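Okay, upload_26.cif now, which holds mmCIF, C-alpha atoms and all ligand atoms:
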```
data_coords
loop_
_atom_site.group_PDB
_atom_site.id
_atom_site.type_symbol
_atom_site.label_atom_id
_atom_site.label_comp_id
_atom_site.auth_asym_id
_atom_site.auth_seq_id
_atom_site.Cartn_x
_atom_site.Cartn_y
_atom_site.Cartn_z
ATOM 1 C CA MET A 1 -120.261 52.730 111.779
ATOM 2 C CA LYS A 2 -121.039 51.692 108.218
ATOM 3 C CA ARG A 3 -122.939 54.647 106.764
ATOM 4 C CA VAL A 4 -123.665 57.826 108.721
ATOM 5 C CA LEU A 5 -125.865 60.595 107.363
ATOM 6 C CA LEU A 6 -124.670 64.147 107.993
ATOM 7 C CA THR A 7 -127.444 66.653 107.224
ATOM 8 C CA GLY A 8 -126.535 70.325 106.897
ATOM 9 C CA ALA A 9 -123.136 69.160 105.655
ATOM 10 C CA GLY A 10 -122.595 72.377 103.684
ATOM 11 C CA GLY A 11 -122.884 74.603 106.766
ATOM 12 C CA ASN A 12 -120.238 75.850 109.182
ATOM 13 C CA LEU A 13 -120.346 72.864 111.502
ATOM 14 C CA GLY A 14 -120.863 70.374 108.710
ATOM 15 C CA ARG A 15 -117.727 71.593 106.940
ATOM 16 C CA ALA A 16 -115.695 71.422 110.158
ATOM 17 C CA LEU A 17 -116.953 67.945 111.094
ATOM 18 C CA ARG A 18 -116.205 66.534 107.658
ATOM 19 C CA LYS A 19 -112.532 67.067 108.525
ATOM 20 C CA THR A 20 -112.561 65.806 112.113
ATOM 21 C CA LEU A 21 -114.797 62.795 111.398
ATOM 22 C CA ALA A 22 -112.858 61.678 108.304
ATOM 23 C CA GLY A 23 -112.297 57.913 108.474
ATOM 24 C CA TRP A 24 -114.636 57.414 111.446
ATOM 25 C CA ALA A 25 -117.363 55.703 109.415
ATOM 26 C CA ASP A 26 -116.990 53.543 106.305
ATOM 27 C CA GLU A 27 -119.139 56.117 104.483
ATOM 28 C CA ILE A 28 -120.436 59.531 105.415
ATOM 29 C CA ARG A 29 -123.476 60.428 103.361
ATOM 30 C CA LEU A 30 -123.460 64.210 103.174
ATOM 31 C CA SER A 31 -126.653 66.090 102.510
ATOM 32 C CA ASP A 32 -127.674 69.710 102.146
ATOM 33 C CA ILE A 33 -130.167 71.835 100.232
ATOM 34 C CA ALA A 34 -127.157 73.519 98.599
ATOM 35 C CA PRO A 35 -124.729 71.628 96.353
ATOM 36 C CA ILE A 36 -121.449 70.187 97.652
ATOM 37 C CA ASP A 37 -118.889 69.277 95.001
ATOM 38 C CA ASP A 38 -115.619 68.783 96.880
ATOM 39 C CA LEU A 39 -116.149 65.204 98.018
ATOM 40 C CA ASN A 40 -113.343 63.363 99.802
ATOM 41 C CA GLU A 41 -112.725 59.632 100.001
ATOM 42 C CA GLY A 42 -115.464 57.944 102.032
ATOM 43 C CA GLU A 43 -117.992 60.714 101.335
ATOM 44 C CA THR A 44 -121.086 60.633 99.137
ATOM 45 C CA PHE A 45 -123.556 63.480 98.600
ATOM 46 C CA VAL A 46 -127.327 63.681 98.185
ATOM 47 C CA GLN A 47 -128.855 67.112 97.600
ATOM 48 C CA CYS A 48 -132.148 67.281 99.461
ATOM 49 C CA ASP A 49 -134.601 69.756 100.974
ATOM 50 C CA LEU A 50 -135.343 68.429 104.456
ATOM 51 C CA GLY A 51 -138.918 69.669 104.072
ATOM 52 C CA ASP A 52 -139.488 67.198 101.210
ATOM 53 C CA TYR A 53 -140.931 64.036 102.788
ATOM 54 C CA GLU A 54 -140.233 61.577 99.966
ATOM 55 C CA ALA A 55 -136.723 62.899 99.409
ATOM 56 C CA VAL A 56 -135.888 62.484 103.106
ATOM 57 C CA MET A 57 -137.254 58.919 103.121
ATOM 58 C CA SER A 58 -134.780 57.958 100.366
ATOM 59 C CA LEU A 59 -131.995 59.981 101.959
ATOM 60 C CA VAL A 60 -132.168 58.094 105.254
ATOM 61 C CA GLU A 61 -132.587 54.580 103.813
ATOM 62 C CA GLY A 62 -129.489 52.453 104.333
ATOM 63 C CA CYS A 63 -127.936 54.658 107.041
ATOM 64 C CA ASP A 64 -127.085 53.338 110.500
ATOM 65 C CA GLY A 65 -126.768 56.700 112.249
ATOM 66 C CA ILE A 66 -127.721 60.324 111.661
ATOM 67 C CA ILE A 67 -126.020 63.555 112.675
ATOM 68 C CA HIS A 68 -128.837 65.984 112.073
ATOM 69 C CA LEU A 69 -127.417 69.482 111.654
ATOM 70 C CA GLY A 70 -129.486 70.655 108.693
ATOM 71 C CA GLY A 71 -132.022 73.458 108.818
ATOM 72 C CA ILE A 72 -132.285 77.112 109.751
ATOM 73 C CA SER A 73 -129.595 77.959 112.301
ATOM 74 C CA VAL A 74 -130.623 81.446 113.444
ATOM 75 C CA GLU A 75 -133.863 83.420 113.792
ATOM 76 C CA ASN A 76 -135.795 83.627 110.522
ATOM 77 C CA THR A 77 -139.314 83.780 109.067
ATOM 78 C CA PHE A 78 -141.791 81.237 110.372
ATOM 79 C CA ASP A 79 -142.176 79.735 106.902
ATOM 80 C CA SER A 80 -138.447 79.015 106.620
ATOM 81 C CA ILE A 81 -138.324 77.571 110.127
ATOM 82 C CA LEU A 82 -141.442 75.519 109.469
ATOM 83 C CA ASN A 83 -139.906 73.920 106.395
ATOM 84 C CA GLY A 84 -136.310 73.394 107.500
ATOM 85 C CA ASN A 85 -136.658 72.730 111.219
ATOM 86 C CA ILE A 86 -140.176 71.516 111.934
ATOM 87 C CA LYS A 87 -141.087 69.554 108.806
ATOM 88 C CA GLY A 88 -137.404 68.697 108.429
ATOM 89 C CA ALA A 89 -137.135 67.176 111.912
ATOM 90 C CA TYR A 90 -140.416 65.304 111.464
ATOM 91 C CA ASN A 91 -139.276 63.874 108.148
ATOM 92 C CA VAL A 92 -135.937 62.751 109.580
ATOM 93 C CA TYR A 93 -137.532 60.991 112.569
ATOM 94 C CA GLU A 94 -140.275 59.436 110.492
ATOM 95 C CA ALA A 95 -137.658 58.137 108.045
ATOM 96 C CA CYS A 96 -135.648 56.830 110.974
ATOM 97 C CA ARG A 97 -138.645 54.892 112.263
ATOM 98 C CA ARG A 98 -139.504 53.499 108.844
ATOM 99 C CA HIS A 99 -135.968 52.542 107.903
ATOM 100 C CA LEU A 100 -134.593 51.659 111.373
ATOM 101 C CA ALA A 101 -131.768 54.063 110.740
ATOM 102 C CA GLY A 102 -130.120 53.830 114.178
ATOM 103 C CA ARG A 103 -129.267 56.645 116.561
ATOM 104 C CA VAL A 104 -129.726 60.340 115.929
ATOM 105 C CA LEU A 105 -127.603 63.178 117.192
ATOM 106 C CA PHE A 106 -129.996 66.103 117.027
ATOM 107 C CA ALA A 107 -128.304 69.515 116.854
ATOM 108 C CA SER A 108 -130.491 71.417 119.271
ATOM 109 C CA SER A 109 -129.469 74.800 120.560
ATOM 110 C CA ASN A 110 -128.937 76.819 123.717
ATOM 111 C CA HIS A 111 -131.751 79.018 122.362
ATOM 112 C CA VAL A 112 -134.213 76.418 123.684
ATOM 113 C CA ILE A 113 -133.310 77.752 127.153
ATOM 114 C CA GLY A 114 -132.181 81.236 126.130
ATOM 115 C CA PHE A 115 -134.581 83.159 128.375
ATOM 116 C CA HIS A 116 -133.023 81.806 131.569
ATOM 117 C CA GLU A 117 -130.898 84.403 133.304
ATOM 118 C CA ARG A 118 -127.167 83.857 133.346
ATOM 119 C CA GLU A 119 -127.076 83.447 137.145
ATOM 120 C CA THR A 120 -129.209 80.299 136.832
ATOM 121 C CA CYS A 121 -127.306 77.031 136.451
ATOM 122 C CA LEU A 122 -129.322 74.676 134.247
ATOM 123 C CA ASP A 123 -129.330 70.941 133.803
ATOM 124 C CA ALA A 124 -131.158 68.484 131.566
ATOM 125 C CA ASP A 125 -134.419 68.875 133.479
ATOM 126 C CA SER A 126 -134.580 72.664 133.531
ATOM 127 C CA PRO A 127 -137.664 74.028 131.783
ATOM 128 C CA MET A 128 -137.405 75.132 128.188
ATOM 129 C CA ARG A 129 -137.548 78.916 127.864
ATOM 130 C CA PRO A 130 -136.968 79.561 124.157
ATOM 131 C CA ASP A 131 -135.774 83.022 123.210
ATOM 132 C CA SER A 132 -136.845 83.006 119.530
ATOM 133 C CA MET A 133 -139.004 81.131 117.039
ATOM 134 C CA TYR A 134 -135.762 79.385 116.105
ATOM 135 C CA GLY A 135 -135.464 78.248 119.743
ATOM 136 C CA VAL A 136 -139.106 77.136 119.697
ATOM 137 C CA SER A 137 -138.384 74.972 116.637
ATOM 138 C CA LYS A 138 -135.469 73.306 118.439
ATOM 139 C CA GLY A 139 -137.792 72.636 121.377
ATOM 140 C CA PHE A 140 -140.166 70.964 118.912
ATOM 141 C CA GLY A 141 -137.303 68.839 117.629
ATOM 142 C CA GLU A 142 -136.383 67.754 121.165
ATOM 143 C CA LEU A 143 -139.978 66.802 121.998
ATOM 144 C CA LEU A 144 -140.314 64.964 118.719
ATOM 145 C CA ALA A 145 -137.148 62.991 119.477
ATOM 146 C CA ARG A 146 -138.492 62.097 122.902
ATOM 147 C CA TYR A 147 -141.773 60.909 121.382
ATOM 148 C CA TYR A 148 -139.922 58.679 118.910
ATOM 149 C CA TRP A 149 -137.869 57.299 121.822
ATOM 150 C CA ASP A 150 -140.831 56.586 124.082
ATOM 151 C CA LYS A 151 -143.050 55.151 121.350
ATOM 152 C CA PHE A 152 -140.623 53.518 118.927
ATOM 153 C CA GLY A 153 -137.316 53.190 120.800
ATOM 154 C CA VAL A 154 -135.396 55.527 118.480
ATOM 155 C CA GLU A 155 -132.402 56.731 120.531
ATOM 156 C CA SER A 156 -131.256 60.353 120.261
ATOM 157 C CA ALA A 157 -128.811 62.729 121.884
ATOM 158 C CA LEU A 158 -130.385 66.179 122.120
ATOM 159 C CA VAL A 159 -127.296 68.329 122.023
ATOM 160 C CA ARG A 160 -128.030 71.900 123.061
ATOM 161 C CA ILE A 161 -125.035 73.382 121.310
ATOM 162 C CA GLY A 162 -123.713 76.595 122.850
ATOM 163 C CA SER A 163 -121.438 78.387 120.365
ATOM 164 C CA CYS A 164 -119.362 76.048 118.211
ATOM 165 C CA PHE A 165 -116.920 78.226 116.326
ATOM 166 C CA ASP A 166 -113.128 78.472 116.041
ATOM 167 C CA LYS A 167 -113.083 80.905 118.935
ATOM 168 C CA PRO A 168 -115.529 82.935 121.087
ATOM 169 C CA ALA A 169 -116.676 86.020 119.168
ATOM 170 C CA ASN A 170 -117.655 87.940 122.330
ATOM 171 C CA ARG A 171 -117.703 87.775 126.137
ATOM 172 C CA ARG A 172 -120.921 85.727 126.240
ATOM 173 C CA MET A 173 -119.267 82.988 124.238
ATOM 174 C CA LEU A 174 -116.588 82.582 126.922
ATOM 175 C CA SER A 175 -119.382 80.679 128.717
ATOM 176 C CA THR A 176 -121.122 79.083 125.716
ATOM 177 C CA TRP A 177 -118.160 78.096 123.531
ATOM 178 C CA MET A 178 -117.592 74.508 122.411
ATOM 179 C CA SER A 179 -114.582 73.529 120.337
ATOM 180 C CA VAL A 180 -115.058 71.411 117.225
ATOM 181 C CA ASP A 181 -112.715 68.799 118.758
ATOM 182 C CA ASP A 182 -114.882 68.490 121.875
ATOM 183 C CA PHE A 183 -117.981 68.220 119.687
ATOM 184 C CA THR A 184 -116.306 65.525 117.595
ATOM 185 C CA ASP A 185 -115.486 63.535 120.724
ATOM 186 C CA LEU A 186 -119.099 63.888 121.897
ATOM 187 C CA ILE A 187 -120.414 62.610 118.555
ATOM 188 C CA LYS A 188 -118.181 59.538 118.720
ATOM 189 C CA ARG A 189 -119.256 58.804 122.306
ATOM 190 C CA VAL A 190 -122.949 59.183 121.470
ATOM 191 C CA PHE A 191 -122.671 56.534 118.765
ATOM 192 C CA ALA A 192 -120.345 54.254 120.761
ATOM 193 C CA ALA A 193 -122.314 54.159 124.050
ATOM 194 C CA ASP A 194 -123.780 50.751 124.938
ATOM 195 C CA ARG A 195 -127.061 52.473 125.744
ATOM 196 C CA LEU A 196 -127.995 56.027 124.873
ATOM 197 C CA GLY A 197 -131.683 56.635 125.559
ATOM 198 C CA CYS A 198 -132.765 60.168 124.800
ATOM 199 C CA PRO A 199 -130.660 62.506 126.942
ATOM 200 C CA VAL A 200 -130.253 66.269 126.828
ATOM 201 C CA VAL A 201 -126.564 67.191 126.569
ATOM 202 C CA TYR A 202 -125.272 70.743 126.806
ATOM 203 C CA GLY A 203 -122.753 71.193 124.022
ATOM 204 C CA VAL A 204 -120.097 73.236 125.761
ATOM 205 C CA SER A 205 -116.351 72.956 126.403
ATOM 206 C CA ASP A 206 -114.668 73.030 129.817
ATOM 207 C CA ASN A 207 -114.907 76.817 130.119
ATOM 208 C CA PRO A 208 -114.032 78.773 133.286
ATOM 209 C CA THR A 209 -117.568 80.171 133.613
ATOM 210 C CA LYS A 210 -120.339 77.566 133.426
ATOM 211 C CA TRP A 211 -124.107 77.959 133.089
ATOM 212 C CA TRP A 212 -124.910 74.320 132.308
ATOM 213 C CA ASP A 213 -124.433 71.094 134.236
ATOM 214 C CA ASN A 214 -123.941 67.833 132.302
ATOM 215 C CA THR A 215 -123.801 65.567 135.379
ATOM 216 C CA LYS A 216 -126.880 63.655 134.222
ATOM 217 C CA VAL A 217 -125.043 62.446 131.113
ATOM 218 C CA SER A 218 -121.822 61.457 132.844
ATOM 219 C CA TYR A 219 -122.599 57.896 131.664
ATOM 220 C CA LEU A 220 -121.456 58.991 128.190
ATOM 221 C CA GLY A 221 -117.931 59.524 129.521
ATOM 222 C CA TRP A 222 -117.683 62.856 127.694
ATOM 223 C CA ASN A 223 -115.135 65.102 129.376
ATOM 224 C CA PRO A 224 -114.481 68.142 127.182
ATOM 225 C CA LYS A 225 -110.774 68.982 126.942
ATOM 226 C CA ASP A 226 -110.797 72.517 125.557
ATOM 227 C CA SER A 227 -111.472 75.772 127.383
ATOM 228 C CA SER A 228 -112.313 79.324 126.359
ATOM 229 C CA ALA A 229 -109.769 80.485 128.983
ATOM 230 C CA VAL A 230 -107.136 80.718 126.244
ATOM 231 C CA PHE A 231 -109.171 83.469 124.557
ATOM 232 C CA GLU A 232 -109.939 85.580 127.654
ATOM 233 C CA ASN A 233 -107.213 88.117 126.963
ATOM 234 C CA GLU A 234 -107.869 88.636 123.271
ATOM 235 C CA PRO A 235 -108.475 92.343 122.505
ATOM 236 C CA HIS A 236 -112.040 91.858 121.202
ATOM 237 C CA ILE A 237 -112.956 90.208 124.525
ATOM 238 C CA LEU A 238 -111.117 92.668 126.806
ATOM 239 C CA GLU A 239 -112.428 95.703 124.971
ATOM 240 C CA GLU A 240 -116.092 94.691 124.829
ATOM 241 C CA VAL A 241 -118.270 97.139 126.787
ATOM 242 C CA VAL A 242 -120.923 95.298 128.802
ATOM 243 C CA ASP A 243 -124.139 96.815 130.210
ATOM 244 C CA PRO A 244 -125.433 94.422 132.903
ATOM 245 C CA ASN A 245 -129.020 95.583 132.301
ATOM 246 C CA ASP A 246 -128.921 94.852 128.597
ATOM 247 C CA PRO A 247 -131.187 91.818 127.918
ATOM 248 C CA ALA A 248 -128.401 90.449 125.732
ATOM 249 C CA VAL A 249 -126.241 90.303 128.881
ATOM 250 C CA ARG A 250 -128.994 89.325 131.313
ATOM 251 C CA TYR A 251 -130.191 86.256 129.416
ATOM 252 C CA GLN A 252 -128.266 83.151 128.372
ATOM 253 C CA GLY A 253 -129.475 83.456 124.790
ATOM 254 C CA GLY A 254 -127.747 86.828 124.419
ATOM 255 C CA GLY A 255 -128.770 88.737 121.298
ATOM 256 C CA PHE A 256 -131.500 86.217 120.435
ATOM 257 C CA ALA A 257 -133.291 87.062 123.703
ATOM 258 C CA ALA A 258 -132.758 90.780 123.201
ATOM 259 C CA ALA A 259 -133.962 90.910 119.581
ATOM 260 C CA GLY A 260 -137.518 91.815 118.572
ATOM 261 C CA HIS A 261 -139.909 89.363 116.959
ATOM 262 C CA PHE A 262 -138.514 88.538 113.491
ATOM 263 C CA GLU A 263 -141.795 88.981 111.608
ATOM 264 C CA ASP A 264 -142.388 92.573 112.897
HETATM 265 P P1 LIG B 301 -125.372 76.632 109.154
HETATM 266 O O1 LIG B 301 -126.499 77.579 108.917
HETATM 267 O O2 LIG B 301 -124.014 77.077 108.761
HETATM 268 O O3 LIG B 301 -125.682 75.249 108.429
HETATM 269 C C1 LIG B 301 -126.976 74.730 108.272
HETATM 270 C C2 LIG B 301 -127.034 74.006 106.943
HETATM 271 O O4 LIG B 301 -128.371 73.512 106.775
HETATM 272 C C3 LIG B 301 -126.730 74.905 105.747
HETATM 273 O O5 LIG B 301 -125.698 74.351 104.956
HETATM 274 C C4 LIG B 301 -128.034 74.982 104.983
HETATM 275 O O6 LIG B 301 -127.883 75.037 103.572
HETATM 276 C C5 LIG B 301 -128.732 73.694 105.417
HETATM 277 N N1 LIG B 301 -130.178 73.811 105.300
HETATM 278 C C6 LIG B 301 -130.970 74.853 105.651
HETATM 279 N N2 LIG B 301 -132.251 74.611 105.333
HETATM 280 C C7 LIG B 301 -132.281 73.368 104.772
HETATM 281 C C8 LIG B 301 -133.307 72.561 104.240
HETATM 282 N N3 LIG B 301 -134.589 72.967 104.217
HETATM 283 N N4 LIG B 301 -132.971 71.363 103.742
HETATM 284 C C9 LIG B 301 -131.686 70.934 103.760
HETATM 285 N N5 LIG B 301 -130.661 71.656 104.254
HETATM 286 C C10 LIG B 301 -130.957 72.861 104.762
HETATM 287 O O7 LIG B 301 -125.426 76.253 110.702
HETATM 288 P P2 LIG B 301 -124.271 75.619 111.595
HETATM 289 O O8 LIG B 301 -123.628 76.677 112.386
HETATM 290 O O9 LIG B 301 -123.433 74.732 110.787
HETATM 291 O O10 LIG B 301 -125.144 74.760 112.618
HETATM 292 C C11 LIG B 301 -125.477 73.422 112.338
HETATM 293 C C12 LIG B 301 -126.627 73.000 113.254
HETATM 294 O O11 LIG B 301 -126.252 73.176 114.611
HETATM 295 C C13 LIG B 301 -127.900 73.810 113.042
HETATM 296 O O12 LIG B 301 -129.010 72.947 113.195
HETATM 297 C C14 LIG B 301 -127.879 74.811 114.172
HETATM 298 O O13 LIG B 301 -129.184 75.195 114.557
HETATM 299 C C15 LIG B 301 -127.176 74.006 115.272
HETATM 300 N N6 LIG B 301 -126.466 74.871 116.198
HETATM 301 C C16 LIG B 301 -125.274 75.443 115.828
HETATM 302 C C17 LIG B 301 -124.594 76.240 116.724
HETATM 303 C C18 LIG B 301 -123.245 76.807 116.398
HETATM 304 O O14 LIG B 301 -122.643 77.392 117.284
HETATM 305 N N7 LIG B 301 -122.729 76.668 115.173
HETATM 306 C C19 LIG B 301 -125.149 76.548 118.041
HETATM 307 C C20 LIG B 301 -126.413 75.901 118.312
HETATM 308 C C21 LIG B 301 -127.025 75.081 117.414
HETATM 309 C C1 LIG B 302 -127.087 79.056 117.652
HETATM 310 O O1 LIG B 302 -128.052 78.318 117.846
HETATM 311 C C2 LIG B 302 -126.702 79.450 116.284
HETATM 312 O O2 LIG B 302 -126.914 78.418 115.346
HETATM 313 C C3 LIG B 302 -125.268 79.941 116.190
HETATM 314 O O3 LIG B 302 -125.095 80.609 114.959
HETATM 315 C C4 LIG B 302 -124.919 80.864 117.348
HETATM 316 O O4 LIG B 302 -125.695 82.009 117.277
HETATM 317 C C5 LIG B 302 -125.178 80.146 118.658
HETATM 318 O O5 LIG B 302 -126.499 79.629 118.717
HETATM 319 C C6 LIG B 302 -124.945 81.021 119.893
HETATM 320 O O6 LIG B 302 -125.848 81.130 120.723
HETATM 321 O O7 LIG B 302 -123.850 81.563 120.018
#
```

Take the structure in this file and express it as structure tokens.
Ligand code: NAI
Ligand code: 15L
Amino acid sequence: MKRVLLTGAGGNLGRALRKTLAGWADEIRLSDIAPIDDLNEGETFVQCDLGDYEAVMSLVEGCDGIIHLGGISVENTFDSILNGNIKGAYNVYEACRRHLAGRVLFASSNHVIGFHERETCLDADSPMRPDSMYGVSKGFGELLARYYWDKFGVESALVRIGSCFDKPANRRMLSTWMSVDDFTDLIKRVFAADRLGCPVVYGVSDNPTKWWDNTKVSYLGWNPKDSSAVFENEPHILEEVVDPNDPAVRYQGGGFAAAGHFED
């Protein structure tokens, strides 16, 4: 890869991926609405609000791949989600079409399907059941990506990330956890595949309990190596009290499904 754009580079995942992707591309063009001033070799930075159409057009020009992480990452006001996630995704895809910017890895979320019960095993063709306006915005992003694929041939991986943190913060995340190393391997495979298309990929490690089936993307050759099993006996996991009738336990989206409407 010559120049890859990493949006949302100042966030949790962006900071982690800057380390694990170091040296993978000739240049990683970092971008965020917030400043970043600790650039490493091979990194450049463009400060940009994803909701700003003209700014995103310039941001994307000259890139040959995009890892699109930027935007609102949890439930928030509709106005914030509209700007960061809906206008932001539109601007990125429109820039991609205009500048032929190569493949996109779109950071979707498990909250697109968060209102499925935990006993239901999902795959790429399971219906969307968003658990929040945040989840709705990720569903919009996925549909947008599919439109740009069908109409213009822009390839994307729609990665429904589970919980990508150093370790699972609670019992739910024993099922949803993805390590940064597994995510890094997925990113490299998405950009290296001979053909990508526009697949849905569940972003999850090889955990003992599984809610999501990635068989339909076995052509990517992604076989996650890490497992949440190593965290099962940590005190915060063992000591968590679980009520099976709590919506946060019933639904895959956990607390997002259980929470009230943000604007109320
Ligand atoms: P984060 O909230 O830490 O990072 C998001 C970044 O986007 C922030 O640095 C923020 O400044 C930037 N941003 C927000 N609005 C913007 C705008 N209008 N213009 C430009 N930049 C803007 O989130 P995190 O955890 O790093 O997640 C990255 C992506 O992955 C997000 O899209 C999130 O929805 C998705 N994701 C993450 C999961 C996780 O477990 N970390 C799980 C599922 C999805
Ligand atoms: C997400 O989509 C969020 O961005 C992240 O902060 C976590 O809440 C994650 O989902 C999760 O479901 O654990």

Under the rule of at most 10 Å, produce a per-residue listing of segment 153-204 of chain A near segment 247-254 of chain A: chain, number, name, the closest pair of atoms, and the distance in Å, as a tab-separated table, using all atoms listed in the file.
```
residue	atom	partner	partner_atom	distance
A:Gly162	CA	A:Gly253	CA	9.2
A:Arg171	CA	A:Val249	CA	9.3
A:Arg172	CA	A:Gly254	CA	7.2
A:Met173	CA	A:Gly254	CA	9.3
A:Ser175	CA	A:Gln252	CA	9.2
A:Thr176	CA	A:Gln252	CA	8.6
```

Atoms kept (C-alpha atoms) for selection, written as a PDB file, keeping the file's coordinate frame:
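Result saved to again_5.pdb:
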```
ATOM      1  CA  GLY A 162    -123.713  76.595 122.850  1.00  0.00           C
ATOM      2  CA  ARG A 171    -117.703  87.775 126.137  1.00  0.00           C
ATOM      3  CA  ARG A 172    -120.921  85.727 126.240  1.00  0.00           C
ATOM      4  CA  MET A 173    -119.267  82.988 124.238  1.00  0.00           C
ATOM      5  CA  SER A 175    -119.382  80.679 128.717  1.00  0.00           C
ATOM      6  CA  THR A 176    -121.122  79.083 125.716  1.00  0.00           C
TER       7      THR A 176
END
```

Which segment 70-89 of chain A residues have any atom within 10 Å of an atom of segment 33-41 of chain A, and for each, what is the nearest pair of atoms with distance in Å to one decimal, counting all atoms listed in the file, rows sorted by chain and number, as CSV?
```
residue,atom,partner,partner_atom,distance
A:Gly70,CA,A:Ile33,CA,8.6
A:Gly71,CA,A:Ile33,CA,8.9
A:Gly84,CA,A:Ile33,CA,9.6
```

Hey, which residues sit close to ligand LIG 301 (chain B)? Say within 8 Å, counting only C-alpha atoms and all ligand atoms, and write them as a ChimeraX atom specification.
/A:7-15,31-34,47-51,68-74,80,83-85,88,106-111,134,138,160-165,177-178

What does the PyMOL selection byres (((chain A and resi 126) around 12) and not hetatm) select in this file, as a PyMOL selection string?
chain A and resi 112-116+120-125+127-130+200-202+211-214+216

Close residues, Thr184 of chain A itself excluded, 8 Å, all atoms listed in the file, min 4 positions apart in chain, as JSON, numbers by chain:
{"A": [17, 20, 21, 180, 188]}

Around all the atoms of segment 153-169 of chain A listed in the file, with 4 Å of room on each side, what axis-aligned box do you get, giving centre and edge lengths in Å to one decimal, as JSON?
```
{"center_x": -125.2, "center_y": 69.6, "center_z": 119.6, "size_x": 32.2, "size_y": 40.8, "size_z": 15.0}
```

At what distance in Å, to one decimal, does atom CA of Asp79 of chain A lie from atom CA of Ala145 of chain A?
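Between these atoms lies a distance of 21.5 Å.
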
Atom CA of Cys96 of chain A to atom CA of Val154 of chain A, distance in Å rounded to a single decimal
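That distance, rounded to one decimal, is 7.6 Å.
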
When you look at Ile28 of chain A with a cut-off of 9 Å (counting all atoms listed in the file), what residues show up, excluding the ones that are within fewer than 2 positions of it in the same chain? I need them as a list in words.
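So, after excluding close chain neighbours, the residues are Lys2, Arg3, Val4, Leu5, Leu6, Arg18, Leu21, Ala22, Gly23, Trp24, Ala25, Asp26, Leu30, Gly42, Glu43, Thr44 and Phe45 of chain A.
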